[in-house]
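Notes for the one structure printed next.
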Amino acid sequence: MRAPACLLLICTASLLAQTDTIHKSPTTEDLRGLSAPSADIFWASGTHGTYLRSIDGGKSWRAAQVPGAEGLDLRDVEAFSADLAYLLSAGPGNQSRIYKTADGGKSWTLQFTNAEPKGFFDCMAFWDRDHGVAAGDPVNGRFELITTADGGKNWKAVSHGSLPSALEGEGAFAASGTCITVQGTTNVWFATGGRVARVFRSTDAGKTWTVADTPMVHGADSSGIFSIAFRDAKRGVIAGGDYKQPQADGANLAFTEDGGLTWHLAPLSPKFYVSAIAWERATSPSRSDSSAVFAVGSARAAYVKNFDDRSWTKTWDLKLNSVACYAPGKFIAVGPGGLTVLFGVVP
């Protein structure tokens, strides 16, 4: 489902008294795809086949276009190193594609082109560098899903018979490449909007599925769940709203503690349209109890140290499309006009 096309700064903000640092950015394209495989390596992607890569923690960036993709909107990037990354373009029919580089963008391989004229792919996620899944809007009453187990050499369609039927007017959003998420080695969830706002769940890498209703805002084509993230197999969060009413309060955030079987509205206020949400990384591999999240949208960005608080710890008046946590207390976000922002918060 197409999201609106939503500047060019790189700044560092903090919940504490730190000075913002503003750098020049190498592009003015709108950015929606974002991946932060380490504290030093960031990838972003956006309009006109554009991608960005930083290997020094955002101090400098290289921007380029994927050859042959100049007319495509790269809504998602999934990276594993400075060399290895996947890009997904969202669009009708054969405008939905997946590209891969294994040499830092020196060359790109076109791995998948959507052959269904009615199809529209929205997002993708990877369990590891070889195993991944991508999701698209319904065709003939079923969502389109494809998986790979060999690093994208082969993308295979998930059997429509294994998926619950899509409801009339139901779709997914390509606002930030985060309408699907994975965890562990086989867990995967994707979120929907439009007439309903639901979460589809598989615990066997997409072979079988269940679906759960949520209390999130829905009804209009512009409303529903835009982003989903899981900290572990049980605890997850969904975020969204109505992108045509970015300042509107309402049922825009919800959480689960049972793996997505049931969802409950978060008490956080004020609510606003959220295009992407991310958990804060744990301070050590042995700890996974943090409940801090960072949310971004076209009205504002916000951070909360405890997700069950009633108010945000900090908000910013910034228009952003996607966010990722790259270290405890460290987040990167991207937005329109090439906007990229580094945030430092208290872990």
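If you're wondering about the labels, chains in the structure tokens are A, B, ... by order shown, residues count from 1 in each chain, ligands from 1 in order shown.
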Apply DSSP to the backbone of this structure and, from stretch 1-246 of chain A, keep only the residues in strand (DSSP E); write these as a tab-separated table (two decimals) with N, CA and C atoms, in the first residue's frame.
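Heads up, here's the output in result.tsv:
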```tsv
chain	number	residue	atom	x	y	z
A	10	ILE	N	22.15	16.36	8.93
A	10	ILE	CA	22.53	15.25	9.78
A	10	ILE	C	22.84	15.88	11.12
A	11	CYS	N	22.07	15.56	12.14
A	11	CYS	CA	22.29	16.20	13.43
A	11	CYS	C	22.29	15.15	14.52
A	12	THR	N	22.95	15.49	15.61
A	12	THR	CA	22.99	14.63	16.77
A	12	THR	C	22.24	15.31	17.90
A	13	ALA	N	21.21	14.65	18.42
A	13	ALA	CA	20.42	15.22	19.50
A	13	ALA	C	20.58	14.37	20.74
A	14	SER	N	20.23	14.88	21.88
A	14	SER	CA	20.37	14.13	23.12
A	14	SER	C	19.27	14.49	24.09
A	31	LEU	N	14.09	9.67	2.13
A	31	LEU	CA	14.62	8.40	2.64
A	31	LEU	C	13.58	7.71	3.52
A	32	ARG	N	13.38	6.42	3.27
A	32	ARG	CA	12.46	5.61	4.08
A	32	ARG	C	13.09	4.30	4.54
A	33	GLY	N	14.00	3.74	3.79
A	33	GLY	CA	14.68	2.51	4.20
A	33	GLY	C	15.84	2.83	5.13
A	34	LEU	N	16.05	1.99	6.15
A	34	LEU	CA	17.12	2.24	7.11
A	34	LEU	C	17.56	0.92	7.74
A	35	SER	N	18.87	0.75	7.87
A	35	SER	CA	19.41	-0.44	8.54
A	35	SER	C	20.72	-0.06	9.22
A	42	PHE	N	25.90	2.18	8.71
A	42	PHE	CA	24.50	2.52	8.46
A	42	PHE	C	24.24	2.48	6.95
A	43	TRP	N	23.06	1.97	6.59
A	43	TRP	CA	22.58	2.04	5.22
A	43	TRP	C	21.21	2.71	5.24
A	44	ALA	N	20.91	3.51	4.20
A	44	ALA	CA	19.60	4.11	4.03
A	44	ALA	C	19.24	4.06	2.55
A	45	SER	N	17.94	4.19	2.26
A	45	SER	CA	17.51	4.12	0.86
A	45	SER	C	16.29	5.00	0.66
A	46	GLY	N	16.03	5.35	-0.62
A	46	GLY	CA	14.91	6.23	-0.87
A	46	GLY	C	14.53	6.35	-2.33
A	50	THR	N	17.93	5.61	-4.95
A	50	THR	CA	19.06	6.13	-4.17
A	50	THR	C	19.31	5.31	-2.91
A	51	TYR	N	20.59	5.09	-2.62
A	51	TYR	CA	20.97	4.48	-1.35
A	51	TYR	C	22.15	5.25	-0.78
A	52	LEU	N	22.27	5.21	0.54
A	52	LEU	CA	23.37	5.85	1.26
A	52	LEU	C	24.05	4.82	2.13
A	53	ARG	N	25.37	5.00	2.31
A	53	ARG	CA	26.11	4.12	3.22
A	53	ARG	C	27.12	4.95	4.02
A	54	SER	N	27.17	4.68	5.32
A	54	SER	CA	28.17	5.28	6.18
A	54	SER	C	28.94	4.17	6.88
A	62	ARG	N	28.21	8.09	1.76
A	62	ARG	CA	28.34	7.99	0.31
A	62	ARG	C	26.95	7.71	-0.25
A	63	ALA	N	26.52	8.51	-1.21
A	63	ALA	CA	25.22	8.34	-1.85
A	63	ALA	C	25.41	7.94	-3.30
A	64	ALA	N	24.56	7.04	-3.78
A	64	ALA	CA	24.64	6.59	-5.17
A	64	ALA	C	23.27	6.05	-5.59
A	65	GLN	N	23.14	5.74	-6.87
A	65	GLN	CA	21.93	5.13	-7.40
A	65	GLN	C	22.23	3.72	-7.86
A	74	LEU	N	13.03	3.01	-3.32
A	74	LEU	CA	13.62	1.97	-2.47
A	74	LEU	C	13.16	2.20	-1.03
A	75	ARG	N	12.10	1.49	-0.63
A	75	ARG	CA	11.46	1.71	0.67
A	75	ARG	C	12.07	0.91	1.81
A	76	ASP	N	12.95	-0.04	1.50
A	76	ASP	CA	13.50	-0.89	2.57
A	76	ASP	C	14.92	-1.27	2.23
A	77	VAL	N	15.78	-1.29	3.25
A	77	VAL	CA	17.13	-1.82	3.13
A	77	VAL	C	17.41	-2.68	4.35
A	78	GLU	N	17.97	-3.86	4.11
A	78	GLU	CA	18.37	-4.77	5.18
A	78	GLU	C	19.85	-5.08	4.98
A	79	ALA	N	20.70	-4.60	5.90
A	79	ALA	CA	22.15	-4.72	5.75
A	79	ALA	C	22.74	-5.59	6.85
A	85	ALA	N	24.18	-5.99	1.62
A	85	ALA	CA	22.90	-5.34	1.87
A	85	ALA	C	21.89	-5.75	0.80
A	86	TYR	N	20.62	-5.76	1.19
A	86	TYR	CA	19.49	-6.00	0.29
A	86	TYR	C	18.64	-4.73	0.22
A	87	LEU	N	18.10	-4.44	-0.95
A	87	LEU	CA	17.20	-3.31	-1.14
A	87	LEU	C	15.89	-3.79	-1.73
A	88	LEU	N	14.78	-3.23	-1.24
A	88	LEU	CA	13.47	-3.54	-1.79
A	88	LEU	C	12.83	-2.27	-2.31
A	89	SER	N	12.39	-2.31	-3.56
A	89	SER	CA	11.63	-1.19	-4.11
A	89	SER	C	10.15	-1.52	-4.04
A	97	ARG	N	10.80	-4.79	-6.57
A	97	ARG	CA	12.00	-5.58	-6.86
A	97	ARG	C	12.87	-5.72	-5.62
A	98	ILE	N	13.79	-6.68	-5.68
A	98	ILE	CA	14.79	-6.85	-4.63
A	98	ILE	C	16.17	-6.90	-5.28
A	99	TYR	N	17.08	-6.07	-4.76
A	99	TYR	CA	18.46	-6.03	-5.22
A	99	TYR	C	19.39	-6.44	-4.07
A	100	LYS	N	20.58	-6.93	-4.45
A	100	LYS	CA	21.57	-7.31	-3.44
A	100	LYS	C	22.95	-6.86	-3.88
A	101	THR	N	23.73	-6.39	-2.90
A	101	THR	CA	25.14	-6.12	-3.13
A	101	THR	C	25.96	-6.90	-2.12
A	109	THR	N	22.97	-6.95	-7.81
A	109	THR	CA	22.30	-8.04	-8.52
A	109	THR	C	20.80	-7.91	-8.32
A	110	LEU	N	20.05	-7.89	-9.43
A	110	LEU	CA	18.60	-7.90	-9.35
A	110	LEU	C	18.16	-9.33	-9.07
A	111	GLN	N	17.60	-9.57	-7.87
A	111	GLN	CA	17.26	-10.93	-7.46
A	111	GLN	C	15.81	-11.30	-7.71
A	112	PHE	N	14.94	-10.30	-7.62
A	112	PHE	CA	13.50	-10.59	-7.72
A	112	PHE	C	12.80	-9.42	-8.39
A	113	THR	N	11.91	-9.74	-9.34
A	113	THR	CA	11.02	-8.75	-9.94
A	113	THR	C	9.61	-9.30	-9.86
A	121	PHE	N	4.74	-4.84	-3.41
A	121	PHE	CA	5.47	-5.26	-2.22
A	121	PHE	C	5.80	-4.06	-1.34
A	122	ASP	N	5.76	-4.29	-0.02
A	122	ASP	CA	5.85	-3.22	0.96
A	122	ASP	C	7.08	-3.25	1.85
A	123	CYS	N	7.56	-4.44	2.22
A	123	CYS	CA	8.59	-4.52	3.25
A	123	CYS	C	9.24	-5.89	3.23
A	124	MET	N	10.40	-5.99	3.88
A	124	MET	CA	11.09	-7.28	4.00
A	124	MET	C	11.87	-7.31	5.31
A	125	ALA	N	12.26	-8.53	5.72
A	125	ALA	CA	13.04	-8.72	6.94
A	125	ALA	C	13.86	-9.99	6.78
A	126	PHE	N	14.97	-10.07	7.52
A	126	PHE	CA	15.86	-11.23	7.44
A	126	PHE	C	16.18	-11.75	8.84
A	132	GLY	N	15.38	-14.86	4.53
A	132	GLY	CA	14.59	-13.64	4.57
A	132	GLY	C	13.18	-13.83	4.07
A	133	VAL	N	12.35	-12.80	4.24
A	133	VAL	CA	10.95	-12.84	3.84
A	133	VAL	C	10.53	-11.43	3.42
A	134	ALA	N	9.67	-11.33	2.41
A	134	ALA	CA	9.14	-10.05	1.96
A	134	ALA	C	7.63	-10.16	1.84
A	135	ALA	N	6.93	-9.05	2.10
A	135	ALA	CA	5.47	-9.06	2.11
A	135	ALA	C	4.92	-7.99	1.18
A	136	GLY	N	3.80	-8.34	0.52
A	136	GLY	CA	3.14	-7.41	-0.38
A	136	GLY	C	1.64	-7.42	-0.17
A	137	ASP	N	0.98	-6.44	-0.77
A	137	ASP	CA	-0.48	-6.30	-0.63
A	137	ASP	C	-1.21	-7.51	-1.20
A	138	PRO	N	-2.48	-7.69	-0.80
A	138	PRO	CA	-3.24	-8.86	-1.27
A	138	PRO	C	-3.48	-8.85	-2.77
A	139	VAL	N	-3.43	-10.05	-3.34
A	139	VAL	CA	-3.83	-10.30	-4.72
A	139	VAL	C	-4.83	-11.44	-4.68
A	142	ARG	N	-5.47	-12.69	-1.00
A	142	ARG	CA	-4.40	-13.22	-0.15
A	142	ARG	C	-3.18	-12.32	-0.25
A	143	PHE	N	-2.52	-12.09	0.89
A	143	PHE	CA	-1.29	-11.31	0.88
A	143	PHE	C	-0.21	-12.07	0.10
A	144	GLU	N	0.65	-11.30	-0.57
A	144	GLU	CA	1.77	-11.88	-1.30
A	144	GLU	C	2.99	-11.95	-0.37
A	145	LEU	N	3.52	-13.16	-0.17
A	145	LEU	CA	4.75	-13.31	0.61
A	145	LEU	C	5.73	-14.20	-0.14
A	146	ILE	N	7.00	-13.83	-0.08
A	146	ILE	CA	8.06	-14.62	-0.68
A	146	ILE	C	9.16	-14.82	0.36
A	147	THR	N	9.86	-15.94	0.28
A	147	THR	CA	10.95	-16.23	1.21
A	147	THR	C	12.18	-16.70	0.44
A	148	THR	N	13.34	-16.55	1.08
A	148	THR	CA	14.58	-17.08	0.54
A	148	THR	C	15.34	-17.79	1.65
A	156	LYS	N	10.96	-17.69	-3.19
A	156	LYS	CA	9.83	-18.58	-3.45
A	156	LYS	C	8.56	-18.03	-2.80
A	157	ALA	N	7.46	-18.13	-3.53
A	157	ALA	CA	6.18	-17.64	-3.01
A	157	ALA	C	5.66	-18.55	-1.91
A	170	GLU	N	-8.16	-4.32	3.08
A	170	GLU	CA	-7.00	-4.52	3.96
A	170	GLU	C	-5.72	-4.54	3.14
A	171	GLY	N	-4.68	-3.89	3.63
A	171	GLY	CA	-3.39	-3.88	2.96
A	171	GLY	C	-2.28	-3.62	3.94
A	180	ILE	N	6.89	-5.53	8.50
A	180	ILE	CA	7.17	-6.94	8.79
A	180	ILE	C	8.39	-7.00	9.69
A	181	THR	N	8.44	-8.00	10.58
A	181	THR	CA	9.59	-8.17	11.45
A	181	THR	C	9.80	-9.65	11.73
A	182	VAL	N	11.03	-10.02	12.06
A	182	VAL	CA	11.35	-11.41	12.38
A	182	VAL	C	12.09	-11.45	13.71
A	183	GLN	N	12.14	-12.67	14.29
A	183	GLN	CA	12.83	-12.86	15.57
A	183	GLN	C	13.27	-14.30	15.65
A	187	ASN	N	10.42	-17.09	13.73
A	187	ASN	CA	9.27	-16.25	14.04
A	187	ASN	C	9.18	-15.07	13.07
A	188	VAL	N	7.98	-14.79	12.59
A	188	VAL	CA	7.77	-13.66	11.70
A	188	VAL	C	6.36	-13.12	11.90
A	189	TRP	N	6.23	-11.79	11.87
A	189	TRP	CA	4.95	-11.11	12.00
A	189	TRP	C	4.87	-10.03	10.93
A	190	PHE	N	3.68	-9.80	10.36
A	190	PHE	CA	3.49	-8.60	9.55
A	190	PHE	C	2.15	-7.97	9.90
A	191	ALA	N	2.08	-6.65	9.70
A	191	ALA	CA	0.94	-5.85	10.18
A	191	ALA	C	0.21	-5.21	9.02
A	193	GLY	N	-3.37	-2.59	7.62
A	193	GLY	CA	-4.21	-1.44	7.89
A	193	GLY	C	-5.28	-1.31	6.84
A	194	GLY	N	-5.96	-0.16	6.84
A	194	GLY	CA	-7.09	0.04	5.95
A	194	GLY	C	-8.38	-0.24	6.69
A	198	ARG	N	-4.67	-5.57	11.59
A	198	ARG	CA	-4.43	-6.92	12.12
A	198	ARG	C	-2.94	-7.26	12.08
A	199	VAL	N	-2.58	-8.31	12.82
A	199	VAL	CA	-1.21	-8.82	12.82
A	199	VAL	C	-1.24	-10.29	12.45
A	200	PHE	N	-0.51	-10.64	11.39
A	200	PHE	CA	-0.34	-12.03	10.97
A	200	PHE	C	0.93	-12.57	11.60
A	201	ARG	N	0.89	-13.84	12.04
A	201	ARG	CA	2.00	-14.41	12.80
A	201	ARG	C	2.30	-15.82	12.32
A	202	SER	N	3.60	-16.11	12.16
A	202	SER	CA	4.05	-17.47	11.84
A	202	SER	C	5.22	-17.81	12.73
A	210	THR	N	-1.32	-17.58	11.64
A	210	THR	CA	-2.53	-17.20	12.35
A	210	THR	C	-2.65	-15.68	12.23
A	211	VAL	N	-3.81	-15.13	12.55
A	211	VAL	CA	-4.00	-13.69	12.46
A	211	VAL	C	-4.78	-13.20	13.68
A	212	ALA	N	-4.42	-12.03	14.20
A	212	ALA	CA	-5.06	-11.47	15.39
A	212	ALA	C	-5.56	-10.06	15.10
A	213	ASP	N	-6.75	-9.76	15.59
A	213	ASP	CA	-7.26	-8.39	15.53
A	213	ASP	C	-6.50	-7.54	16.55
A	223	SER	N	-5.16	4.70	7.24
A	223	SER	CA	-4.97	4.41	8.66
A	223	SER	C	-4.69	2.94	8.91
A	224	GLY	N	-4.09	2.66	10.06
A	224	GLY	CA	-3.81	1.28	10.44
A	224	GLY	C	-2.46	1.16	11.10
A	225	ILE	N	-1.86	-0.03	10.99
A	225	ILE	CA	-0.55	-0.31	11.57
A	225	ILE	C	0.51	-0.09	10.50
A	226	PHE	N	1.50	0.75	10.80
A	226	PHE	CA	2.56	1.06	9.85
A	226	PHE	C	3.88	0.39	10.21
A	227	SER	N	4.05	0.01	11.47
A	227	SER	CA	5.33	-0.52	11.91
A	227	SER	C	5.11	-1.56	13.01
A	228	ILE	N	5.95	-2.59	13.00
A	228	ILE	CA	5.88	-3.65	14.01
A	228	ILE	C	7.29	-4.04	14.40
A	229	ALA	N	7.52	-4.26	15.70
A	229	ALA	CA	8.85	-4.65	16.19
A	229	ALA	C	8.69	-5.57	17.39
A	230	PHE	N	9.58	-6.56	17.48
A	230	PHE	CA	9.57	-7.49	18.62
A	230	PHE	C	10.94	-7.48	19.28
A	236	GLY	N	6.17	-7.52	21.91
A	236	GLY	CA	6.19	-6.77	20.67
A	236	GLY	C	5.41	-5.48	20.77
A	237	VAL	N	5.59	-4.61	19.78
A	237	VAL	CA	4.90	-3.33	19.73
A	237	VAL	C	4.47	-3.06	18.30
A	238	ILE	N	3.31	-2.44	18.14
A	238	ILE	CA	2.84	-1.98	16.85
A	238	ILE	C	2.53	-0.50	16.94
A	239	ALA	N	2.72	0.21	15.83
A	239	ALA	CA	2.53	1.66	15.82
A	239	ALA	C	1.97	2.08	14.48
A	240	GLY	N	1.23	3.18	14.48
A	240	GLY	CA	0.65	3.66	13.23
A	240	GLY	C	-0.21	4.87	13.46
A	241	GLY	N	-1.42	4.84	12.91
A	241	GLY	CA	-2.32	5.97	12.97
A	241	GLY	C	-2.89	6.26	11.60
A	242	ASP	N	-3.04	7.52	11.28
A	242	ASP	CA	-3.55	7.96	9.99
A	242	ASP	C	-2.58	8.98	9.42
```
- Task: Have a look at A:Gly169, A:Gly344, A:Gly184, A:Gly152 and name the one nearest to A:Val196; count only C-alpha atoms.
- Result: A:Gly169
